[in-house]
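What follows is the content of work-v4.cif, which has mmCIF, C-alpha atoms:
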data_structure
loop_
_atom_site.group_PDB
_atom_site.id
_atom_site.type_symbol
_atom_site.label_atom_id
_atom_site.label_comp_id
_atom_site.auth_asym_id
_atom_site.auth_seq_id
_atom_site.Cartn_x
_atom_site.Cartn_y
_atom_site.Cartn_z
ATOM 1 C CA MET A 12 99.191 -3.944 9.943
ATOM 2 C CA LYS A 13 96.744 -1.087 10.434
ATOM 3 C CA THR A 14 93.139 -1.753 11.486
ATOM 4 C CA ARG A 15 90.293 0.603 10.540
ATOM 5 C CA LYS A 16 87.506 1.221 12.951
ATOM 6 C CA LEU A 17 84.026 1.515 11.398
ATOM 7 C CA SER A 18 81.509 3.886 12.895
ATOM 8 C CA LEU A 19 78.208 2.502 14.325
ATOM 9 C CA PRO A 20 75.900 3.941 11.590
ATOM 10 C CA ILE A 21 77.976 2.252 8.878
ATOM 11 C CA ILE A 22 77.874 -1.095 10.715
ATOM 12 C CA THR A 23 74.091 -0.831 11.112
ATOM 13 C CA SER A 24 73.516 -0.101 7.429
ATOM 14 C CA ILE A 25 75.643 -3.069 6.398
ATOM 15 C CA ALA A 26 73.777 -5.370 8.773
ATOM 16 C CA VAL A 27 70.335 -4.323 7.582
ATOM 17 C CA ALA A 28 71.367 -4.733 3.965
ATOM 18 C CA ALA A 29 72.666 -8.207 4.667
ATOM 19 C CA LEU A 30 69.477 -9.246 6.447
ATOM 20 C CA ALA A 31 67.348 -7.969 3.566
ATOM 21 C CA VAL A 32 69.343 -10.127 1.141
ATOM 22 C CA VAL A 33 68.568 -13.298 3.045
ATOM 23 C CA GLY A 34 64.896 -12.291 3.648
ATOM 24 C CA ALA A 35 65.142 -11.661 7.381
ATOM 25 C CA VAL A 36 63.423 -8.235 7.023
ATOM 26 C CA PRO A 37 60.356 -8.504 4.727
ATOM 27 C CA ALA A 38 59.616 -5.725 2.230
ATOM 28 C CA SER A 39 56.354 -3.733 2.724
ATOM 29 C CA ALA A 40 53.279 -5.574 1.171
ATOM 30 C CA ALA A 41 49.838 -4.664 -0.178
ATOM 31 C CA PRO A 42 46.968 -5.263 2.311
ATOM 32 C CA ALA A 43 44.738 -8.317 2.389
ATOM 33 C CA VAL A 44 41.494 -8.623 0.435
ATOM 34 C CA PRO A 45 38.514 -7.030 2.264
ATOM 35 C CA GLY A 46 35.486 -9.090 3.232
ATOM 36 C CA THR A 47 32.296 -8.864 1.186
ATOM 37 C CA PRO A 48 30.589 -5.542 1.937
ATOM 38 C CA THR A 49 27.134 -5.336 3.456
ATOM 39 C CA ALA A 50 24.407 -3.065 2.063
ATOM 40 C CA SER A 51 21.809 -0.985 3.924
ATOM 41 C CA SER A 52 19.585 2.082 3.503
ATOM 42 C CA ILE A 53 18.781 1.034 -0.048
ATOM 43 C CA THR A 54 16.587 3.465 -1.957
ATOM 44 C CA ALA A 55 15.570 3.759 -5.595
ATOM 45 C CA SER A 56 18.825 5.578 -6.405
ATOM 46 C CA SER A 57 21.395 4.811 -3.702
ATOM 47 C CA ALA A 58 22.771 2.231 -1.271
ATOM 48 C CA VAL A 59 25.110 2.440 1.727
ATOM 49 C CA LEU A 60 27.975 -0.128 1.716
ATOM 50 C CA SER A 61 29.977 -0.974 4.828
ATOM 51 C CA TRP A 62 32.776 -3.442 5.682
ATOM 52 C CA ASN A 63 35.328 -4.478 8.308
ATOM 53 C CA ALA A 64 38.738 -2.809 8.506
ATOM 54 C CA VAL A 65 41.714 -4.497 6.812
ATOM 55 C CA THR A 66 45.023 -4.474 8.717
ATOM 56 C CA GLY A 67 47.607 -2.319 6.971
ATOM 57 C CA ALA A 68 45.100 -0.712 4.586
ATOM 58 C CA THR A 69 45.086 3.048 4.287
ATOM 59 C CA GLY A 70 41.977 3.147 2.125
ATOM 60 C CA TYR A 71 39.506 1.222 -0.020
ATOM 61 C CA TYR A 72 38.412 1.270 -3.641
ATOM 62 C CA VAL A 73 34.713 0.686 -4.328
ATOM 63 C CA LEU A 74 33.799 -1.117 -7.564
ATOM 64 C CA ARG A 75 30.432 -1.564 -9.276
ATOM 65 C CA GLY A 76 30.260 -4.276 -11.875
ATOM 66 C CA GLY A 77 34.066 -4.485 -11.741
ATOM 67 C CA THR A 78 34.580 -0.767 -12.460
ATOM 68 C CA GLN A 79 35.925 1.553 -9.775
ATOM 69 C CA ILE A 80 33.351 4.191 -8.832
ATOM 70 C CA GLY A 81 35.067 5.739 -5.819
ATOM 71 C CA SER A 82 37.497 5.425 -2.942
ATOM 72 C CA THR A 83 37.419 6.184 0.759
ATOM 73 C CA THR A 84 39.558 5.990 3.870
ATOM 74 C CA ALA A 85 36.439 5.186 5.909
ATOM 75 C CA ARG A 86 34.665 1.836 6.123
ATOM 76 C CA THR A 87 31.389 3.015 4.564
ATOM 77 C CA TYR A 88 30.525 4.366 1.139
ATOM 78 C CA THR A 89 27.242 5.611 -0.324
ATOM 79 C CA ALA A 90 26.772 4.547 -3.926
ATOM 80 C CA THR A 91 24.569 7.090 -5.690
ATOM 81 C CA GLY A 92 23.182 7.629 -9.169
ATOM 82 C CA LEU A 93 21.604 4.167 -9.288
ATOM 83 C CA SER A 94 18.547 3.310 -11.355
ATOM 84 C CA ALA A 95 15.308 2.241 -9.653
ATOM 85 C CA GLY A 96 14.439 -1.460 -9.627
ATOM 86 C CA THR A 97 17.900 -2.482 -10.878
ATOM 87 C CA THR A 98 20.373 -5.070 -9.542
ATOM 88 C CA TYR A 99 24.054 -4.112 -9.071
ATOM 89 C CA SER A 100 27.183 -6.001 -7.957
ATOM 90 C CA PHE A 101 29.577 -4.210 -5.573
ATOM 91 C CA THR A 102 33.114 -5.283 -4.600
ATOM 92 C CA LEU A 103 36.006 -3.702 -2.665
ATOM 93 C CA LYS A 104 39.791 -3.482 -2.883
ATOM 94 C CA SER A 105 41.967 -2.353 0.023
ATOM 95 C CA TYR A 106 45.132 -0.379 -0.677
ATOM 96 C CA ASN A 107 48.213 1.212 0.872
ATOM 97 C CA ALA A 108 51.453 2.718 -0.409
ATOM 98 C CA SER A 109 52.599 -0.668 -1.690
ATOM 99 C CA GLY A 110 49.528 -1.320 -3.848
ATOM 100 C CA ALA A 111 45.979 -2.657 -3.915
ATOM 101 C CA SER A 112 44.559 -6.037 -2.983
ATOM 102 C CA ALA A 113 42.503 -8.309 -5.180
ATOM 103 C CA ALA A 114 38.753 -7.657 -5.249
ATOM 104 C CA SER A 115 36.540 -8.846 -2.415
ATOM 105 C CA GLY A 116 33.512 -11.045 -2.689
ATOM 106 C CA ALA A 117 30.566 -9.391 -4.455
ATOM 107 C CA ARG A 118 27.472 -7.940 -2.796
ATOM 108 C CA SER A 119 24.354 -7.962 -4.980
ATOM 109 C CA VAL A 120 22.085 -4.949 -4.388
ATOM 110 C CA THR A 121 18.650 -4.431 -5.932
ATOM 111 C CA THR A 122 17.288 -0.914 -5.661
ATOM 112 C CA ILE A 123 13.681 -0.179 -4.704
ATOM 113 C CA PRO A 124 11.376 0.273 -7.721
ATOM 114 C CA ALA A 125 10.142 3.677 -8.811
ATOM 115 C CA ALA A 126 6.676 4.844 -7.808
ATOM 116 C CA PRO A 127 3.943 3.743 -10.245
ATOM 117 C CA GLY A 128 1.938 6.225 -12.256
ATOM 118 C CA ALA A 129 -1.527 7.118 -10.982
ATOM 119 C CA PRO A 130 -3.939 4.228 -11.654
ATOM 120 C CA THR A 131 -6.806 4.517 -14.093
ATOM 121 C CA ALA A 132 -10.323 3.506 -13.093
ATOM 122 C CA GLY A 133 -12.985 1.638 -14.993
ATOM 123 C CA THR A 134 -16.665 2.474 -14.686
ATOM 124 C CA PRO A 135 -17.564 2.207 -10.987
ATOM 125 C CA THR A 136 -20.559 0.223 -9.768
ATOM 126 C CA THR A 137 -22.385 1.006 -6.555
ATOM 127 C CA ASN A 138 -19.858 -1.010 -4.530
ATOM 128 C CA SER A 139 -16.728 -1.658 -6.615
ATOM 129 C CA VAL A 140 -14.261 -0.296 -9.170
ATOM 130 C CA THR A 141 -11.466 -1.889 -11.197
ATOM 131 C CA LEU A 142 -8.095 -0.085 -11.204
ATOM 132 C CA SER A 143 -5.318 -0.621 -13.747
ATOM 133 C CA TRP A 144 -1.803 0.760 -14.251
ATOM 134 C CA ASN A 145 1.433 0.454 -16.242
ATOM 135 C CA ALA A 146 4.208 -1.941 -15.211
ATOM 136 C CA VAL A 147 7.116 -0.600 -13.127
ATOM 137 C CA THR A 148 10.667 -1.782 -13.941
ATOM 138 C CA GLY A 149 12.039 -4.100 -11.281
ATOM 139 C CA ALA A 150 8.738 -4.404 -9.394
ATOM 140 C CA THR A 151 7.556 -7.858 -8.349
ATOM 141 C CA GLY A 152 4.173 -6.626 -7.139
ATOM 142 C CA TYR A 153 2.013 -3.681 -6.177
ATOM 143 C CA TYR A 154 0.267 -2.505 -3.014
ATOM 144 C CA VAL A 155 -3.157 -0.856 -3.463
ATOM 145 C CA LEU A 156 -4.094 1.894 -1.007
ATOM 146 C CA ARG A 157 -7.424 3.595 -0.362
ATOM 147 C CA GLY A 158 -7.233 6.869 1.507
ATOM 148 C CA GLY A 159 -3.586 6.083 2.285
ATOM 149 C CA THR A 160 -4.339 2.696 3.887
ATOM 150 C CA GLN A 161 -3.293 -0.524 2.177
ATOM 151 C CA ILE A 162 -6.307 -2.612 1.140
ATOM 152 C CA GLY A 163 -4.608 -5.270 -0.947
ATOM 153 C CA SER A 164 -1.680 -6.345 -3.100
ATOM 154 C CA THR A 165 -1.267 -8.022 -6.453
ATOM 155 C CA THR A 166 1.409 -9.198 -8.848
ATOM 156 C CA ALA A 167 -0.853 -8.242 -11.764
ATOM 157 C CA ARG A 168 -1.510 -4.744 -13.090
ATOM 158 C CA THR A 169 -5.208 -4.628 -12.262
ATOM 159 C CA TYR A 170 -7.107 -4.741 -8.989
ATOM 160 C CA THR A 171 -10.828 -4.639 -8.207
ATOM 161 C CA ALA A 172 -11.622 -2.715 -5.041
ATOM 162 C CA THR A 173 -14.828 -4.050 -3.477
ATOM 163 C CA GLY A 174 -16.958 -3.306 -0.435
ATOM 164 C CA LEU A 175 -17.412 0.352 -1.373
ATOM 165 C CA SER A 176 -20.424 2.457 -0.475
ATOM 166 C CA ALA A 177 -22.779 3.772 -3.154
ATOM 167 C CA GLY A 178 -22.472 7.414 -4.174
ATOM 168 C CA THR A 179 -19.186 7.866 -2.293
ATOM 169 C CA THR A 180 -15.872 9.375 -3.450
ATOM 170 C CA TYR A 181 -12.626 7.469 -2.748
ATOM 171 C CA SER A 182 -8.925 8.195 -3.370
ATOM 172 C CA PHE A 183 -6.747 5.296 -4.614
ATOM 173 C CA THR A 184 -2.924 5.159 -4.826
ATOM 174 C CA LEU A 185 -0.321 2.464 -5.553
ATOM 175 C CA LYS A 186 3.136 1.418 -4.358
ATOM 176 C CA ALA A 187 5.465 -0.842 -6.331
ATOM 177 C CA TYR A 188 7.567 -3.343 -4.360
ATOM 178 C CA ASN A 189 10.328 -5.930 -4.741
ATOM 179 C CA THR A 190 12.430 -8.008 -2.342
ATOM 180 C CA THR A 191 14.214 -4.857 -1.144
ATOM 181 C CA GLY A 192 11.209 -2.735 -0.256
ATOM 182 C CA ALA A 193 8.365 -0.558 -1.502
ATOM 183 C CA SER A 194 8.343 2.644 -3.511
ATOM 184 C CA ALA A 195 6.746 5.917 -2.565
ATOM 185 C CA ALA A 196 3.027 6.181 -3.304
ATOM 186 C CA SER A 197 1.809 7.016 -6.789
ATOM 187 C CA GLY A 198 -0.382 9.921 -7.698
ATOM 188 C CA ALA A 199 -3.989 9.561 -6.528
ATOM 189 C CA ARG A 200 -7.024 8.549 -8.569
ATOM 190 C CA SER A 201 -10.354 9.900 -7.320
ATOM 191 C CA VAL A 202 -13.313 7.580 -7.909
ATOM 192 C CA THR A 203 -16.986 8.195 -7.134
ATOM 193 C CA THR A 204 -19.116 5.071 -6.991
ATOM 194 C CA ALA A 205 -22.484 4.911 -8.693
ATOM 195 C CA ALA A 206 -25.443 6.030 -6.641
ATOM 196 C CA ALA A 207 -27.695 3.323 -5.262
ATOM 197 C CA VAL A 208 -30.988 2.639 -7.005
ATOM 198 C CA PRO A 209 -33.353 5.136 -5.369
ATOM 199 C CA ALA A 210 -36.202 4.180 -3.103
ATOM 200 C CA ALA A 211 -39.786 4.044 -4.367
ATOM 201 C CA PRO A 212 -41.553 7.403 -4.215
ATOM 202 C CA GLY A 213 -44.457 7.983 -1.887
ATOM 203 C CA THR A 214 -48.055 8.001 -3.140
ATOM 204 C CA PRO A 215 -48.627 11.113 -5.261
ATOM 205 C CA THR A 216 -51.298 13.682 -4.452
ATOM 206 C CA ALA A 217 -53.742 14.942 -7.088
ATOM 207 C CA SER A 218 -55.052 18.447 -7.570
ATOM 208 C CA SER A 219 -56.585 20.707 -10.230
ATOM 209 C CA ILE A 220 -58.664 17.775 -11.497
ATOM 210 C CA THR A 221 -60.722 18.577 -14.566
ATOM 211 C CA ALA A 222 -62.672 16.453 -16.995
ATOM 212 C CA SER A 223 -59.513 15.714 -18.981
ATOM 213 C CA SER A 224 -56.516 16.299 -16.742
ATOM 214 C CA ALA A 225 -55.096 16.128 -13.246
ATOM 215 C CA VAL A 226 -51.938 17.545 -11.631
ATOM 216 C CA LEU A 227 -49.895 15.018 -9.654
ATOM 217 C CA SER A 228 -47.215 16.005 -7.118
ATOM 218 C CA TRP A 229 -44.906 14.143 -4.689
ATOM 219 C CA ASN A 230 -41.975 14.443 -2.311
ATOM 220 C CA ALA A 231 -38.378 14.204 -3.544
ATOM 221 C CA VAL A 232 -36.573 10.858 -3.294
ATOM 222 C CA THR A 233 -32.910 10.947 -2.190
ATOM 223 C CA GLY A 234 -30.564 9.969 -4.975
ATOM 224 C CA ALA A 235 -33.232 10.114 -7.677
ATOM 225 C CA THR A 236 -32.489 12.041 -10.862
ATOM 226 C CA GLY A 237 -36.023 11.713 -12.224
ATOM 227 C CA TYR A 238 -39.424 10.052 -11.985
ATOM 228 C CA TYR A 239 -41.570 7.885 -14.232
ATOM 229 C CA VAL A 240 -45.357 8.460 -14.112
ATOM 230 C CA LEU A 241 -47.606 5.438 -14.651
ATOM 231 C CA ARG A 242 -51.345 5.223 -15.266
ATOM 232 C CA GLY A 243 -52.895 1.842 -14.703
ATOM 233 C CA GLY A 244 -49.361 0.366 -14.499
ATOM 234 C CA THR A 245 -48.309 1.762 -17.913
ATOM 235 C CA GLN A 246 -45.725 4.537 -18.146
ATOM 236 C CA ILE A 247 -47.202 7.711 -19.625
ATOM 237 C CA GLY A 248 -44.336 10.126 -19.042
ATOM 238 C CA SER A 249 -41.245 11.104 -17.059
ATOM 239 C CA THR A 250 -39.981 14.247 -15.384
ATOM 240 C CA THR A 251 -37.066 15.550 -13.372
ATOM 241 C CA ALA A 252 -39.467 17.802 -11.433
ATOM 242 C CA ARG A 253 -41.816 16.732 -8.630
ATOM 243 C CA THR A 254 -45.056 17.515 -10.462
ATOM 244 C CA TYR A 255 -46.658 16.132 -13.598
ATOM 245 C CA THR A 256 -49.873 17.023 -15.415
ATOM 246 C CA ALA A 257 -51.662 13.963 -16.766
ATOM 247 C CA THR A 258 -53.680 14.952 -19.807
ATOM 248 C CA GLY A 259 -55.937 13.246 -22.332
ATOM 249 C CA LEU A 260 -58.174 11.802 -19.648
ATOM 250 C CA SER A 261 -61.836 10.979 -20.145
ATOM 251 C CA ALA A 262 -64.436 12.859 -18.214
ATOM 252 C CA GLY A 263 -66.040 11.156 -15.247
ATOM 253 C CA THR A 264 -63.526 8.329 -15.277
ATOM 254 C CA THR A 265 -61.473 6.871 -12.441
ATOM 255 C CA TYR A 266 -57.730 6.330 -12.961
ATOM 256 C CA SER A 267 -54.897 4.873 -10.850
ATOM 257 C CA PHE A 268 -51.577 6.757 -10.872
ATOM 258 C CA THR A 269 -48.235 5.513 -9.485
ATOM 259 C CA LEU A 270 -44.617 6.707 -9.630
ATOM 260 C CA LYS A 271 -41.157 5.186 -9.998
ATOM 261 C CA SER A 272 -37.933 7.066 -9.202
ATOM 262 C CA TYR A 273 -34.751 6.466 -11.203
ATOM 263 C CA ASN A 274 -31.048 7.347 -11.549
ATOM 264 C CA ALA A 275 -28.050 6.034 -13.495
ATOM 265 C CA SER A 276 -28.013 2.847 -11.408
ATOM 266 C CA GLY A 277 -31.604 1.817 -12.074
ATOM 267 C CA THR A 278 -35.283 2.278 -11.352
ATOM 268 C CA SER A 279 -37.205 1.783 -8.138
ATOM 269 C CA ALA A 280 -40.335 -0.232 -7.636
ATOM 270 C CA ALA A 281 -43.622 1.601 -8.045
ATOM 271 C CA GLY A 282 -44.883 3.709 -5.180
ATOM 272 C CA GLY A 283 -48.362 3.668 -3.729
ATOM 273 C CA ALA A 284 -51.347 4.312 -6.065
ATOM 274 C CA ARG A 285 -53.452 7.472 -6.187
ATOM 275 C CA SER A 286 -57.021 7.045 -7.453
ATOM 276 C CA VAL A 287 -58.249 10.043 -9.446
ATOM 277 C CA THR A 288 -61.800 10.514 -10.800
ATOM 278 C CA THR A 289 -62.140 13.212 -13.398
ATOM 279 C CA VAL A 290 -64.909 15.762 -13.383
ATOM 280 C CA PRO A 291 -67.885 14.582 -15.454
ATOM 281 C CA ALA A 292 -68.636 16.187 -18.787
ATOM 282 C CA ALA A 293 -71.288 18.919 -18.974
ATOM 283 C CA PRO A 294 -74.797 17.542 -19.614
ATOM 284 C CA GLY A 295 -76.606 18.281 -22.854
ATOM 285 C CA ILE A 296 -79.247 21.014 -23.013
ATOM 286 C CA PRO A 297 -82.259 19.814 -21.100
ATOM 287 C CA THR A 298 -85.630 19.385 -22.772
ATOM 288 C CA ALA A 299 -88.785 20.884 -21.304
ATOM 289 C CA GLY A 300 -92.209 19.386 -21.008
ATOM 290 C CA THR A 301 -95.432 21.339 -21.366
ATOM 291 C CA PRO A 302 -95.277 24.175 -18.871
ATOM 292 C CA THR A 303 -98.161 24.972 -16.602
ATOM 293 C CA SER A 304 -98.886 28.335 -15.137
ATOM 294 C CA SER A 305 -96.413 27.652 -12.331
ATOM 295 C CA SER A 306 -93.994 24.799 -13.337
ATOM 296 C CA VAL A 307 -92.182 22.974 -16.048
ATOM 297 C CA ALA A 308 -90.638 19.512 -16.153
ATOM 298 C CA LEU A 309 -87.049 19.277 -17.470
ATOM 299 C CA SER A 310 -85.302 16.133 -18.696
ATOM 300 C CA TRP A 311 -81.831 15.325 -20.117
ATOM 301 C CA SER A 312 -79.559 12.523 -21.157
ATOM 302 C CA ALA A 313 -77.399 10.844 -18.562
ATOM 303 C CA VAL A 314 -73.743 11.907 -18.380
#

Take the structure in the file and write it out as structure tokens.
Amino acid sequence: MKTRKLSLPIITSIAVAALAVVGAVPASAAPAVPGTPTASSITASSAVLSWNAVTGATGYYVLRGGTQIGSTTARTYTATGLSAGTTYSFTLKSYNASGASAASGARSVTTIPAAPGAPTAGTPTTNSVTLSWNAVTGATGYYVLRGGTQIGSTTARTYTATGLSAGTTYSFTLKAYNTTGASAASGARSVTTAAAVPAAPGTPTASSITASSAVLSWNAVTGATGYYVLRGGTQIGSTTARTYTATGLSAGTTYSFTLKSYNASGTSAAGGARSVTTVPAAPGIPTAGTPTSSSVALSWSAV
């Protein structure tokens, strides 16, 4: 009986095939499920995802809301094109030549809200102003800044800035925020507070006094836009200049003149009083007594 010798390669192939039948050599398998990704560097429109390597994986699929948005052979991925102030769910699948794993645990990511619009301002007082603005999607609150420095925060859409100085211009901006972070600053709103009520003017001076008029003048008062003129405590006129001619006076009569300064915020107290006595009226024609050779006696009515 003849025996046939088999070559070594043939023997090896037969042995491997036999082992595969009984399961001694496992077939290649898809990789394990990745861990839940972490998120960082979150902005209003993007987020960076990262995760641990999976043994046997040659790459990873990135899914948003269950839909694949990209793939990578690295262990980080930047998700872009996101909407501000919106919450997303990200998962991963690892893959190799044999297939893809099931999806990982989900990472919830909320983007930073968009910057608010520039605030509007109500009518300022001497020391405060109320700001208001439109709501920002996804914002849980707002920071209020004056001159770039935060002065307060609110979950409402109005804020009253207090402690301001009269007649001063300020610049106000806003930032919207949520649990992830704060937006960029809004456009600026310039606000000028009302001027303070001006101080009382000094005592006026009087000149060019006649029998029926007198010219009053005084020094300027800082912040005043005009002046009230009073005679005997009763207002008789107003002016934006620093002189005023009081007319309609009676001859040989004493009057008391005072001033008040004013602006949009109010009127001052009265200043010091100036006493003015008008020139007396001209006497009537005198009468003459019987003249002598060297004199005559005159007489007239009192003025």

Exercise for review: Check which residues satisfy the PyMOL selection byres ((chain A and resi 181) around 9) in the file shown, then give them as number ranges by chain.
Suggested key: A: 157-158, 175, 179-180, 182-183, 200-204

Practice item. Given the file shown, determine the residues that the PyMOL selection byres ((chain A and resi 40) around 6) selects; report them as a VMD selection string. Key: chain A and resid 39 41 109

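Our summary of the geometry notes that CA of Thr87 in chain A is positioned 16.3 Å from CA of Ala114 in chain A.
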
Practice item. Using the chain letters and numbers from the file, give me the residues hit by the PyMOL selection byres ((chain A and resi 194) around 8), as a PyMOL selection string. Key: chain A and resi 55+123-126+186-188+192-193+195-196

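For the pair CA of Ile296 in chain A and CA of Thr265 in chain A, the interatomic distance is 25.1 Å.
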
Practice item. Mind giving me the straight-line distance from CA of Val147 in chain A to CA of Thr190 in chain A in Å, one decimal? Key: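 Interatomic distance here is 14.1 Å.
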
Excluding same-chain residues fewer than 2 positions from Ala275 in chain A, what lies within 10 Å of it counting all atoms listed in the file, as a PDB file with C-alpha atoms, in the frame of the given file?
ATOM      1  CA  ALA A 205     -22.484   4.911  -8.693  1.00  0.00           C
ATOM      2  CA  ALA A 206     -25.443   6.030  -6.641  1.00  0.00           C
ATOM      3  CA  ALA A 207     -27.695   3.323  -5.262  1.00  0.00           C
ATOM      4  CA  VAL A 208     -30.988   2.639  -7.005  1.00  0.00           C
ATOM      5  CA  PRO A 209     -33.353   5.136  -5.369  1.00  0.00           C
ATOM      6  CA  GLY A 234     -30.564   9.969  -4.975  1.00  0.00           C
ATOM      7  CA  ALA A 235     -33.232  10.114  -7.677  1.00  0.00           C
ATOM      8  CA  THR A 236     -32.489  12.041 -10.862  1.00  0.00           C
ATOM      9  CA  GLY A 237     -36.023  11.713 -12.224  1.00  0.00           C
ATOM     10  CA  TYR A 273     -34.751   6.466 -11.203  1.00  0.00           C
ATOM     11  CA  GLY A 277     -31.604   1.817 -12.074  1.00  0.00           C
ATOM     12  CA  THR A 278     -35.283   2.278 -11.352  1.00  0.00           C
TER      13      THR A 278
END

Set up a box along x, y and z of the file covering all listed atoms of range 51-69 of chain A, add 5 Å on every one of the six sides, and write the centre and edge lengths in Å to one decimal, as AutoDock Vina command-line options.
--center_x 31.6 --center_y 0.5 --center_z 1.2 --size_x 42.0 --size_y 20.1 --size_z 25.1

Point to revise | Pick from A:Ala111, A:Ile247, A:Ala225, A:Val232, whichever lies nearest to Ser286 in chain A using only C-alpha atoms | key: A:Ala225

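The shell of residues at most 8 Å from range 226-230 of chain A, with only C-alpha atoms counted and near chain neighbours (fewer than 5 positions) removed, consists of Pro212, Gly213, Thr214, Pro215, Thr216, Ala217, Ser218, Ser219, Ile220, Arg253, Thr254, Tyr255, Thr256 and Ala257 of chain A.
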
Study note, to complete from the structure: Of A:Thr298, A:Thr91, A:Ser105, A:Thr78, the one sitting nearest Pro45 in chain A when using all atoms listed in the file is A:Ser105

Practice item. Name the closest residue to Asn189 in chain A among the candidates A:Gly96, A:Gly259, A:Pro130, A:Gly163; distances are taken between atoms, counting only C-alpha atoms. Key: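 Selected residue with least distance to Asn189 in chain A: A:Gly96.
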
Check your understanding: Which residue, A:Ser115, A:Thr89, A:Asn107, A:Thr131, has the smallest gap to Thr66 in chain A when you use all atoms listed in the file?
Key ->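 Selected residue with least distance to Thr66 in chain A: A:Asn107.
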
For a cutoff of 12 Å around the file-coordinate point (-58.4, 10.6, -20.5), which residues qualify once you count all atoms listed in the file? I'd like the result as a PDB file with C-alpha atoms, in the frame of the given file.
ATOM      1  CA  ILE A 220     -58.664  17.775 -11.497  1.00  0.00           C
ATOM      2  CA  THR A 221     -60.722  18.577 -14.566  1.00  0.00           C
ATOM      3  CA  ALA A 222     -62.672  16.453 -16.995  1.00  0.00           C
ATOM      4  CA  SER A 223     -59.513  15.714 -18.981  1.00  0.00           C
ATOM      5  CA  SER A 224     -56.516  16.299 -16.742  1.00  0.00           C
ATOM      6  CA  ALA A 225     -55.096  16.128 -13.246  1.00  0.00           C
ATOM      7  CA  ARG A 242     -51.345   5.223 -15.266  1.00  0.00           C
ATOM      8  CA  GLY A 243     -52.895   1.842 -14.703  1.00  0.00           C
ATOM      9  CA  ILE A 247     -47.202   7.711 -19.625  1.00  0.00           C
ATOM     10  CA  THR A 256     -49.873  17.023 -15.415  1.00  0.00           C
ATOM     11  CA  ALA A 257     -51.662  13.963 -16.766  1.00  0.00           C
ATOM     12  CA  THR A 258     -53.680  14.952 -19.807  1.00  0.00           C
ATOM     13  CA  GLY A 259     -55.937  13.246 -22.332  1.00  0.00           C
ATOM     14  CA  LEU A 260     -58.174  11.802 -19.648  1.00  0.00           C
ATOM     15  CA  SER A 261     -61.836  10.979 -20.145  1.00  0.00           C
ATOM     16  CA  ALA A 262     -64.436  12.859 -18.214  1.00  0.00           C
ATOM     17  CA  GLY A 263     -66.040  11.156 -15.247  1.00  0.00           C
ATOM     18  CA  THR A 264     -63.526   8.329 -15.277  1.00  0.00           C
ATOM     19  CA  THR A 265     -61.473   6.871 -12.441  1.00  0.00           C
ATOM     20  CA  TYR A 266     -57.730   6.330 -12.961  1.00  0.00           C
ATOM     21  CA  SER A 267     -54.897   4.873 -10.850  1.00  0.00           C
ATOM     22  CA  VAL A 287     -58.249  10.043  -9.446  1.00  0.00           C
ATOM     23  CA  THR A 288     -61.800  10.514 -10.800  1.00  0.00           C
ATOM     24  CA  THR A 289     -62.140  13.212 -13.398  1.00  0.00           C
ATOM     25  CA  VAL A 290     -64.909  15.762 -13.383  1.00  0.00           C
ATOM     26  CA  PRO A 291     -67.885  14.582 -15.454  1.00  0.00           C
ATOM     27  CA  ALA A 292     -68.636  16.187 -18.787  1.00  0.00           C
TER      28      ALA A 292
END

**Study point:** Nearest candidate to Ala117 in chain A (options A:Leu103, A:Ala211, A:Ala43, A:Ala64; using all atoms listed in the file)
**Key:** A:Leu103

Check your understanding: Nearest to Ala293 in chain A: which of A:Thr169, A:Thr245, A:Ser306, A:Ser312 is it, counting all atoms listed in the file?
Key ->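 Nearest candidate to Ala293 in chain A out of A:Thr169, A:Thr245, A:Ser306, A:Ser312: A:Ser312.
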
Exercise for review: Within 9 Å of Leu309 in chain A, counting all atoms listed in the file, which residues show up once you throw out same-chain ones fewer than 2 positions away? Write them as number ranges by chain, please.
Suggested key: A: 297-300, 307, 311

Check your understanding: Which residues, protein or nucleic acid, reach to within 12 Å of (-1.3, 2.3, -20.1) in the file's coordinates when using all atoms listed in the file, and can you give that as a count of residues only?
Key -> 14
